[in-house]
>>> print(open('run-v1.txt').read())   # compact mmCIF, C-alpha atoms and all ligand atoms
# COMPACT_ATOMS: atom_id res chain seq x y z
CA MET D 1 -51.43 22.71 -56.11
CA TYR D 2 -49.65 25.76 -54.74
CA PHE D 3 -46.39 27.49 -55.62
CA ASP D 4 -44.73 29.44 -52.80
CA THR D 5 -42.82 31.87 -55.02
CA HIS D 6 -40.75 33.42 -52.25
CA CYS D 7 -39.57 31.55 -49.18
CA HIS D 8 -36.43 31.55 -47.07
CA LEU D 9 -35.85 27.91 -46.18
CA ASN D 10 -32.26 29.15 -46.40
CA SER D 11 -32.68 31.47 -43.37
CA ASP D 12 -31.09 30.46 -40.07
CA GLU D 13 -34.59 30.14 -38.52
CA LEU D 14 -35.84 27.55 -41.05
CA TYR D 15 -32.70 25.94 -42.44
CA VAL D 16 -32.01 23.77 -39.37
CA ASP D 17 -35.38 21.99 -39.82
CA HIS D 18 -35.81 22.41 -43.57
CA ASP D 19 -36.70 18.74 -44.13
CA MET D 20 -39.65 19.07 -41.75
CA PHE D 21 -40.87 22.32 -43.34
CA ILE D 22 -40.64 20.75 -46.81
CA LYS D 23 -42.69 17.74 -45.62
CA ASN D 24 -45.33 20.10 -44.17
CA ALA D 25 -45.46 21.99 -47.45
CA LEU D 26 -45.98 18.85 -49.54
CA ALA D 27 -48.66 17.62 -47.09
CA ASN D 28 -50.54 20.88 -47.78
CA ASP D 29 -50.24 20.56 -51.57
CA VAL D 30 -47.51 23.18 -51.82
CA ARG D 31 -45.73 21.43 -54.68
CA TYR D 32 -43.26 24.09 -55.75
CA MET D 33 -41.05 26.44 -53.77
CA MET D 34 -38.71 29.24 -54.83
CA VAL D 35 -35.99 29.66 -52.21
CA VAL D 36 -34.67 33.20 -52.40
CA GLY D 37 -31.26 34.52 -51.40
CA TYR D 38 -30.50 37.91 -49.88
CA ASP D 39 -26.73 37.58 -49.29
CA LEU D 40 -23.96 35.18 -50.32
CA THR D 41 -24.60 32.57 -47.60
CA SER D 42 -28.35 32.39 -48.20
CA SER D 43 -27.82 32.33 -51.97
CA LYS D 44 -25.44 29.38 -51.63
CA ARG D 45 -27.96 27.52 -49.46
CA ALA D 46 -30.72 28.24 -51.99
CA VAL D 47 -28.64 26.66 -54.76
CA GLU D 48 -27.90 23.62 -52.59
CA LEU D 49 -31.58 23.11 -51.70
CA ALA D 50 -32.54 23.38 -55.36
CA HIS D 51 -30.10 20.59 -56.16
CA GLU D 52 -31.36 18.44 -53.32
CA TYR D 53 -35.11 18.60 -54.21
CA ASP D 54 -36.52 18.63 -57.74
CA PHE D 55 -39.56 20.76 -56.71
CA ILE D 56 -37.37 23.49 -55.19
CA TYR D 57 -35.84 26.21 -57.32
CA ALA D 58 -33.33 28.89 -56.37
CA ALA D 59 -33.02 32.63 -56.72
CA VAL D 60 -29.70 34.27 -55.86
CA GLY D 61 -28.88 37.87 -55.12
CA ILE D 62 -27.86 40.49 -52.58
CA GLY D 63 -30.69 42.47 -51.03
CA PRO D 64 -30.82 46.19 -50.23
CA ASN D 65 -30.41 45.65 -46.47
CA ASP D 66 -27.43 43.32 -46.92
CA CYS D 67 -25.33 45.17 -49.48
CA LYS D 68 -23.43 47.60 -47.25
CA ASP D 69 -20.05 45.96 -47.92
CA THR D 70 -20.86 44.23 -51.21
CA THR D 71 -17.96 44.25 -53.68
CA ASP D 72 -17.65 43.43 -57.38
CA GLN D 73 -16.06 40.13 -56.32
CA ASP D 74 -19.25 39.25 -54.44
CA LEU D 75 -21.26 40.06 -57.55
CA ASN D 76 -18.98 37.79 -59.57
CA ILE D 77 -20.08 34.93 -57.29
CA ILE D 78 -23.74 35.79 -57.99
CA ASP D 79 -22.88 35.92 -61.70
CA LYS D 80 -21.43 32.38 -61.48
CA TYR D 81 -24.49 31.02 -59.60
CA LEU D 82 -26.72 32.39 -62.35
CA GLU D 83 -25.18 29.94 -64.81
CA ASP D 84 -26.73 27.08 -62.81
CA PRO D 85 -29.87 25.70 -64.48
CA ARG D 86 -31.56 25.28 -61.05
CA VAL D 87 -31.24 29.04 -60.49
CA LEU D 88 -34.30 30.52 -62.18
CA ALA D 89 -34.25 34.11 -60.94
CA LEU D 90 -32.08 36.89 -59.54
CA GLY D 91 -33.23 38.09 -56.15
CA GLU D 92 -34.09 39.41 -53.91
CA ILE D 93 -32.77 42.79 -54.94
CA GLY D 94 -34.15 46.31 -54.78
CA LEU D 95 -34.44 49.34 -52.55
CA ASP D 96 -35.46 49.68 -48.90
CA TYR D 97 -35.62 53.17 -47.42
CA TYR D 98 -37.42 52.00 -44.28
CA TRP D 99 -34.16 50.78 -42.73
CA ASP D 100 -31.14 53.07 -42.92
CA ASP D 101 -28.26 50.58 -42.52
CA VAL D 102 -27.24 51.10 -46.15
CA THR D 103 -27.25 54.44 -47.96
CA PRO D 104 -29.66 54.84 -50.91
CA GLU D 105 -26.65 55.44 -53.18
CA LYS D 106 -25.06 52.10 -52.28
CA GLN D 107 -28.41 50.30 -52.58
CA LYS D 108 -28.92 51.77 -56.05
CA GLU D 109 -25.41 50.85 -57.17
CA ILE D 110 -25.82 47.18 -56.18
CA PHE D 111 -29.39 47.02 -57.52
CA ASP D 112 -28.25 48.48 -60.86
CA LYS D 113 -25.33 46.07 -61.22
CA GLN D 114 -27.57 43.08 -60.49
CA MET D 115 -30.16 44.25 -63.03
CA ILE D 116 -27.36 44.11 -65.61
CA LEU D 117 -26.54 40.52 -64.50
CA ALA D 118 -30.21 39.49 -64.77
CA LYS D 119 -30.36 40.77 -68.34
CA LYS D 120 -27.10 39.03 -69.20
CA HIS D 121 -28.48 35.68 -67.98
CA GLN D 122 -32.04 36.37 -69.18
CA LYS D 123 -33.50 35.47 -65.78
CA PRO D 124 -36.33 37.42 -64.08
CA VAL D 125 -35.70 39.61 -61.03
CA LEU D 126 -37.42 39.34 -57.64
CA ILE D 127 -37.83 42.85 -56.30
CA HIS D 128 -37.82 43.89 -52.65
CA CYS D 129 -39.22 47.42 -52.35
CA ARG D 130 -40.05 49.23 -49.15
CA ASP D 131 -40.80 52.96 -48.97
CA ALA D 132 -38.98 53.37 -52.29
CA TYR D 133 -41.62 52.88 -55.00
CA GLU D 134 -40.71 55.77 -57.33
CA ASP D 135 -36.96 55.08 -57.31
CA THR D 136 -37.60 51.34 -57.81
CA TYR D 137 -39.98 52.07 -60.67
CA ASP D 138 -37.40 54.35 -62.34
CA MET D 139 -34.69 51.68 -62.06
CA LEU D 140 -36.92 48.93 -63.49
CA LYS D 141 -38.17 51.15 -66.29
CA HIS D 142 -34.61 52.11 -67.17
CA HIS D 143 -33.52 48.45 -67.44
CA GLY D 144 -36.69 47.18 -69.13
CA HIS D 145 -36.27 43.68 -67.72
CA PRO D 146 -39.21 41.81 -66.11
CA GLY D 147 -39.84 39.88 -62.92
CA VAL D 148 -41.83 39.91 -59.69
CA MET D 149 -42.72 42.61 -57.15
CA HIS D 150 -42.24 40.45 -54.08
CA CYS D 151 -44.42 40.92 -50.97
CA TYR D 152 -46.07 43.84 -52.73
CA SER D 153 -47.42 46.43 -50.31
CA GLY D 154 -48.03 49.44 -52.58
CA SER D 155 -51.20 50.85 -54.07
CA VAL D 156 -53.39 49.46 -56.87
CA GLU D 157 -52.31 52.34 -59.16
CA MET D 158 -48.62 51.64 -58.55
CA ALA D 159 -49.22 47.89 -59.11
CA LYS D 160 -50.67 48.67 -62.54
CA ARG D 161 -47.57 50.66 -63.43
CA PHE D 162 -45.33 47.72 -62.50
CA ILE D 163 -47.56 45.34 -64.49
CA ASN D 164 -47.10 47.62 -67.50
CA LEU D 165 -43.34 47.09 -67.11
CA GLY D 166 -43.90 43.31 -67.33
CA PHE D 167 -44.01 42.52 -63.62
CA TYR D 168 -46.12 40.13 -61.59
CA ILE D 169 -47.51 41.27 -58.25
CA SER D 170 -46.83 38.79 -55.46
CA LEU D 171 -48.97 38.86 -52.32
CA ALA D 172 -47.84 37.59 -48.92
CA GLY D 173 -49.14 37.33 -45.34
CA PRO D 174 -50.23 40.98 -44.96
CA VAL D 175 -53.21 40.39 -47.31
CA THR D 176 -54.67 38.19 -44.55
CA PHE D 177 -54.27 40.79 -41.78
CA LYS D 178 -57.59 42.20 -40.61
CA ASN D 179 -56.71 45.91 -40.95
CA ALA D 180 -54.59 45.60 -44.12
CA ARG D 181 -56.85 47.60 -46.44
CA VAL D 182 -54.25 48.31 -49.17
CA PRO D 183 -53.11 44.71 -49.92
CA LYS D 184 -56.75 43.59 -49.84
CA ASP D 185 -57.53 46.32 -52.41
CA VAL D 186 -54.70 45.02 -54.60
CA ALA D 187 -55.96 41.42 -54.32
CA ALA D 188 -59.49 42.50 -55.23
CA ASN D 189 -58.58 44.84 -58.11
CA ILE D 190 -55.58 43.27 -59.86
CA ASN D 191 -56.39 40.50 -62.35
CA ILE D 192 -55.51 36.97 -61.26
CA GLU D 193 -53.38 36.71 -64.45
CA ASN D 194 -50.96 39.19 -62.83
CA LEU D 195 -50.80 37.72 -59.32
CA LEU D 196 -48.47 35.34 -57.50
CA ILE D 197 -48.57 34.06 -53.92
CA GLU D 198 -45.71 33.69 -51.44
CA THR D 199 -45.02 33.33 -47.73
CA ASP D 200 -41.70 35.24 -47.41
CA CYS D 201 -41.22 32.85 -44.48
CA PRO D 202 -39.96 32.93 -41.75
CA TYR D 203 -41.43 36.47 -41.69
CA LEU D 204 -44.97 37.82 -42.11
CA THR D 205 -46.89 34.80 -40.86
CA PRO D 206 -50.49 34.96 -42.14
CA HIS D 207 -53.59 35.10 -40.00
CA PRO D 208 -54.54 32.92 -38.04
CA TYR D 209 -50.93 32.04 -37.12
CA ARG D 210 -49.64 35.60 -36.85
CA GLY D 211 -46.79 35.81 -34.32
CA LYS D 212 -45.64 32.23 -34.96
CA LEU D 213 -42.78 31.15 -37.21
CA ASN D 214 -43.90 31.21 -40.84
CA GLU D 215 -43.33 28.30 -43.27
CA PRO D 216 -44.17 27.46 -46.92
CA ALA D 217 -47.24 25.37 -45.94
CA ASN D 218 -48.94 28.64 -44.91
CA VAL D 219 -49.12 29.92 -48.49
CA VAL D 220 -52.53 28.23 -48.57
CA TYR D 221 -53.88 31.01 -46.30
CA ILE D 222 -52.77 33.68 -48.78
CA ALA D 223 -54.63 31.87 -51.57
CA GLN D 224 -57.69 31.47 -49.33
CA GLU D 225 -57.84 35.22 -48.65
CA ILE D 226 -57.39 36.12 -52.32
CA ALA D 227 -60.19 33.66 -53.22
CA LYS D 228 -62.46 35.35 -50.69
CA LEU D 229 -61.63 38.87 -51.94
CA LYS D 230 -62.04 37.92 -55.61
CA ASN D 231 -65.06 35.71 -55.06
CA MET D 232 -63.23 32.80 -56.68
CA GLU D 233 -62.78 29.13 -55.77
CA ILE D 234 -59.50 28.59 -53.91
CA GLU D 235 -58.60 25.80 -56.40
CA ASN D 236 -58.75 28.36 -59.21
CA VAL D 237 -56.54 30.82 -57.31
CA ALA D 238 -54.07 27.97 -56.69
CA SER D 239 -53.98 26.82 -60.32
CA ALA D 240 -53.84 30.34 -61.81
CA THR D 241 -51.01 31.53 -59.53
CA THR D 242 -49.08 28.28 -60.09
CA PHE D 243 -49.49 28.74 -63.86
CA ASN D 244 -48.24 32.36 -63.58
CA ALA D 245 -45.25 31.33 -61.48
CA LYS D 246 -44.22 28.60 -63.92
CA LYS D 247 -44.51 31.10 -66.73
CA VAL D 248 -42.36 33.80 -65.17
CA PHE D 249 -39.71 31.30 -64.03
CA GLY D 250 -39.77 29.32 -67.28
CA ILE D 251 -40.73 25.96 -65.70
CA LYS D 252 -42.19 23.42 -68.16
NI NI B 1 -37.70 37.76 -48.81
>>> encode(input="run-v1.txt", output="structure tokens", more="lines below")
Ligand code: NI
Amino acid sequence: MYFDTHCHLNSDELYVDHDMFIKNALANDVRYMMVVGYDLTSSKRAVELAHEYDFIYAAVGIGPNDCKDTTDQDLNIIDKYLEDPRVLALGEIGLDYYWDDVTPEKQKEIFDKQMILAKKHQKPVLIHCRDAYEDTYDMLKHHGHPGVMHCYSGSVEMAKRFINLGFYISLAGPVTFKNARVPKDVAANINIENLLIETDCPYLTPHPYRGKLNEPANVVYIAQEIAKLKNMEIENVASATTFNAKKVFGIK
């Protein structure tokens, strides 16, 4: 069985047909899904989905590309959601210097404040990091609180540094792309004990469906590629990554 540790059934693209996408996932042995927020609306939907289905869990948070106007009142709402037992993580949060809609200073402020909330509630963080590895590393080291590097696209060396801080490395669609040398390197060289799988749907659809709308059922293709790169049976990739996900999220 598979655990899609990062999906956006709460996004406008998938939410309208979420029942269908959930059926597809179950039909493909994707038995657990973590629905991840990136703003207040998507966080609210994540909590609602987690209450509707017992195999869906929620993460709530305000992401680096959505925090331009985030206030302390908004963070109080996230704080409240974190009291909910169906909310198992805070995310996605982090830094993204690829887009310049939000200044690095504002991104850091909101990231920092949410790290404090995660520690308060003792829930792991789901980290979005794009073109900001050193600053993200410094922030996580400073707070000393563990979680997941979501849709990890950095180097093997950097991955090892995050693992040393107590983080899991989560691989998404790019590992299946033909010319994606770096994520394939990470899949081959990082121990399965430190890996998770995710779709990040509706984005980053894996090969061979690249260009189409992504959905949780496609997490199987991520596992298949990791199995190939590690010379493992896909069943063992599925069971190991599901075990890791349950461990980090505290699911019995
Ligand atoms: Ni995401």
>>> closest_residue(input="run-v1.txt", among="D:Phe243, D:Tyr168, D:Tyr81, D:Tyr209", to="Leu117 of chain D", atoms="only C-alpha atoms")
D:Tyr81
>>> residues_around(input="run-v1.txt", residues="His143 of chain D", least_positions_apart="6", cutoff="10 Å", atoms="all atoms listed in the file", output="PDB file with C-alpha atoms, keeping the file's coordinate frame")
ATOM      1  CA  ASP D 112     -28.250  48.480 -60.860  1.00  0.00           C
ATOM      2  CA  MET D 115     -30.160  44.250 -63.030  1.00  0.00           C
ATOM      3  CA  ILE D 116     -27.360  44.110 -65.610  1.00  0.00           C
ATOM      4  CA  ALA D 118     -30.210  39.490 -64.770  1.00  0.00           C
ATOM      5  CA  LYS D 119     -30.360  40.770 -68.340  1.00  0.00           C
ATOM      6  CA  LEU D 165     -43.340  47.090 -67.110  1.00  0.00           C
TER       7      LEU D 165
END
>>> closest_residue(input="run-v1.txt", among="D:Gly144, D:Pro183, D:Pro85, D:Gly173", to="Val156 of chain D", atoms="all atoms listed in the file")
D:Pro183
>>> residues_near_ligand(input="run-v1.txt", ligand="ligand NI 1 (chain B)", cutoff="7 Å", atoms="all atoms listed in the file", output="compact mmCIF listing (two decimals) with C-alpha atoms, keeping the file's coordinate frame")
# COMPACT_ATOMS: atom_id res chain seq x y z
CA HIS D 6 -40.75 33.42 -52.25
CA CYS D 7 -39.57 31.55 -49.18
CA HIS D 8 -36.43 31.55 -47.07
CA VAL D 36 -34.67 33.20 -52.40
CA GLU D 92 -34.09 39.41 -53.91
CA ASP D 200 -41.70 35.24 -47.41
>>> atom_distance(input="run-v1.txt", atom1="atom CA of Asn236 of chain D", atom2="atom CA of Leu196 of chain D")
12.5 Å
>>> atom_distance(input="run-v1.txt", atom1="atom CA of Val186 of chain D", atom2="atom CA of Pro124 of chain D")
22.0 Å
>>> residues_around(input="run-v1.txt", residues="Glu193 of chain D", least_positions_apart="3", cutoff="12 Å", atoms="only C-alpha atoms", output="PyMOL selection string")
chain D and resi 163+166-170+187+189-190+196-197+236-245+247-248
>>> closest_residue(input="run-v1.txt", among="D:Met33, D:Leu229, D:Ile62, D:Ala132", to="Phe111 of chain D", atoms="all atoms listed in the file")
D:Ile62
>>> atom_distance(input="run-v1.txt", atom1="atom CA of Glu215 of chain D", atom2="atom CA of Pro202 of chain D")
5.9 Å
>>> closest_residue(input="run-v1.txt", among="D:Ala46, D:Ser153, D:Asp39, D:Tyr97", to="Asp74 of chain D", atoms="all atoms listed in the file")
D:Asp39
>>> residues_around(input="run-v1.txt", residues="Tyr221 of chain D", least_positions_apart="5", cutoff="12 Å", atoms="all atoms listed in the file", output="number ranges by chain")
D: 2, 4, 28, 30, 171-177, 197-199, 204-210, 214-216, 226-228, 234, 237-238
>>> build_atoms(input="run-v1.txt", residues="segment 185-207 of chain D", atoms="N, CA, C and O atoms", output="CSV table (one decimal), keeping the file's coordinate frame")
chain,number,residue,atom,x,y,z
D,185,ASP,N,-57.1,45.6,-51.2
D,185,ASP,CA,-57.5,46.3,-52.4
D,185,ASP,C,-56.8,45.8,-53.6
D,185,ASP,O,-57.4,45.6,-54.7
D,186,VAL,N,-55.5,45.5,-53.5
D,186,VAL,CA,-54.7,45.0,-54.6
D,186,VAL,C,-55.2,43.6,-55.0
D,186,VAL,O,-55.4,43.4,-56.2
D,187,ALA,N,-55.5,42.8,-54.0
D,187,ALA,CA,-56.0,41.4,-54.3
D,187,ALA,C,-57.3,41.5,-55.0
D,187,ALA,O,-57.5,40.7,-56.0
D,188,ALA,N,-58.1,42.4,-54.6
D,188,ALA,CA,-59.5,42.5,-55.2
D,188,ALA,C,-59.4,43.1,-56.6
D,188,ALA,O,-60.2,42.7,-57.5
D,189,ASN,N,-58.5,44.0,-56.9
D,189,ASN,CA,-58.6,44.8,-58.1
D,189,ASN,C,-57.6,44.5,-59.2
D,189,ASN,O,-57.6,45.0,-60.3
D,190,ILE,N,-56.6,43.7,-58.8
D,190,ILE,CA,-55.6,43.3,-59.9
D,190,ILE,C,-56.0,41.9,-60.4
D,190,ILE,O,-56.3,41.0,-59.6
D,191,ASN,N,-56.0,41.7,-61.7
D,191,ASN,CA,-56.4,40.5,-62.4
D,191,ASN,C,-55.6,39.3,-61.9
D,191,ASN,O,-54.4,39.5,-61.7
D,192,ILE,N,-56.2,38.2,-61.7
D,192,ILE,CA,-55.5,37.0,-61.3
D,192,ILE,C,-54.4,36.6,-62.2
D,192,ILE,O,-53.3,36.0,-61.8
D,193,GLU,N,-54.5,37.0,-63.5
D,193,GLU,CA,-53.4,36.7,-64.4
D,193,GLU,C,-52.1,37.4,-64.1
D,193,GLU,O,-51.0,37.1,-64.6
D,194,ASN,N,-52.2,38.4,-63.2
D,194,ASN,CA,-51.0,39.2,-62.8
D,194,ASN,C,-50.5,38.9,-61.4
D,194,ASN,O,-49.6,39.6,-60.9
D,195,LEU,N,-51.1,37.9,-60.7
D,195,LEU,CA,-50.8,37.7,-59.3
D,195,LEU,C,-50.0,36.4,-59.1
D,195,LEU,O,-50.2,35.4,-59.7
D,196,LEU,N,-49.2,36.5,-58.0
D,196,LEU,CA,-48.5,35.3,-57.5
D,196,LEU,C,-48.7,35.3,-56.0
D,196,LEU,O,-49.1,36.3,-55.4
D,197,ILE,N,-48.5,34.2,-55.4
D,197,ILE,CA,-48.6,34.1,-53.9
D,197,ILE,C,-47.2,33.6,-53.3
D,197,ILE,O,-46.5,32.9,-54.0
D,198,GLU,N,-47.0,34.0,-52.1
D,198,GLU,CA,-45.7,33.7,-51.4
D,198,GLU,C,-45.9,33.8,-49.9
D,198,GLU,O,-46.8,34.5,-49.5
D,199,THR,N,-45.0,33.2,-49.2
D,199,THR,CA,-45.0,33.3,-47.7
D,199,THR,C,-44.0,34.3,-47.2
D,199,THR,O,-44.2,34.9,-46.2
D,200,ASP,N,-42.8,34.5,-47.9
D,200,ASP,CA,-41.7,35.2,-47.4
D,200,ASP,C,-41.3,34.7,-46.0
D,200,ASP,O,-40.8,35.5,-45.2
D,201,CYS,N,-41.6,33.4,-45.8
D,201,CYS,CA,-41.2,32.8,-44.5
D,201,CYS,C,-39.7,32.9,-44.3
D,201,CYS,O,-39.0,32.9,-45.2
D,202,PRO,N,-39.2,33.1,-43.0
D,202,PRO,CA,-40.0,32.9,-41.8
D,202,PRO,C,-40.7,34.2,-41.3
D,202,PRO,O,-41.2,34.2,-40.2
D,203,TYR,N,-40.8,35.2,-42.1
D,203,TYR,CA,-41.4,36.5,-41.7
D,203,TYR,C,-42.9,36.5,-42.1
D,203,TYR,O,-43.4,35.6,-42.9
D,204,LEU,N,-43.6,37.5,-41.6
D,204,LEU,CA,-45.0,37.8,-42.1
D,204,LEU,C,-46.0,36.7,-42.1
D,204,LEU,O,-46.7,36.4,-43.1
D,205,THR,N,-46.0,35.9,-41.0
D,205,THR,CA,-46.9,34.8,-40.9
D,205,THR,C,-48.3,35.2,-41.0
D,205,THR,O,-48.8,36.2,-40.4
D,206,PRO,N,-49.1,34.5,-41.9
D,206,PRO,CA,-50.5,35.0,-42.1
D,206,PRO,C,-51.4,34.7,-40.9
D,206,PRO,O,-51.1,33.8,-40.1
D,207,HIS,N,-52.5,35.4,-40.9
D,207,HIS,CA,-53.6,35.1,-40.0
D,207,HIS,C,-54.1,33.7,-40.3
D,207,HIS,O,-54.1,33.4,-41.5
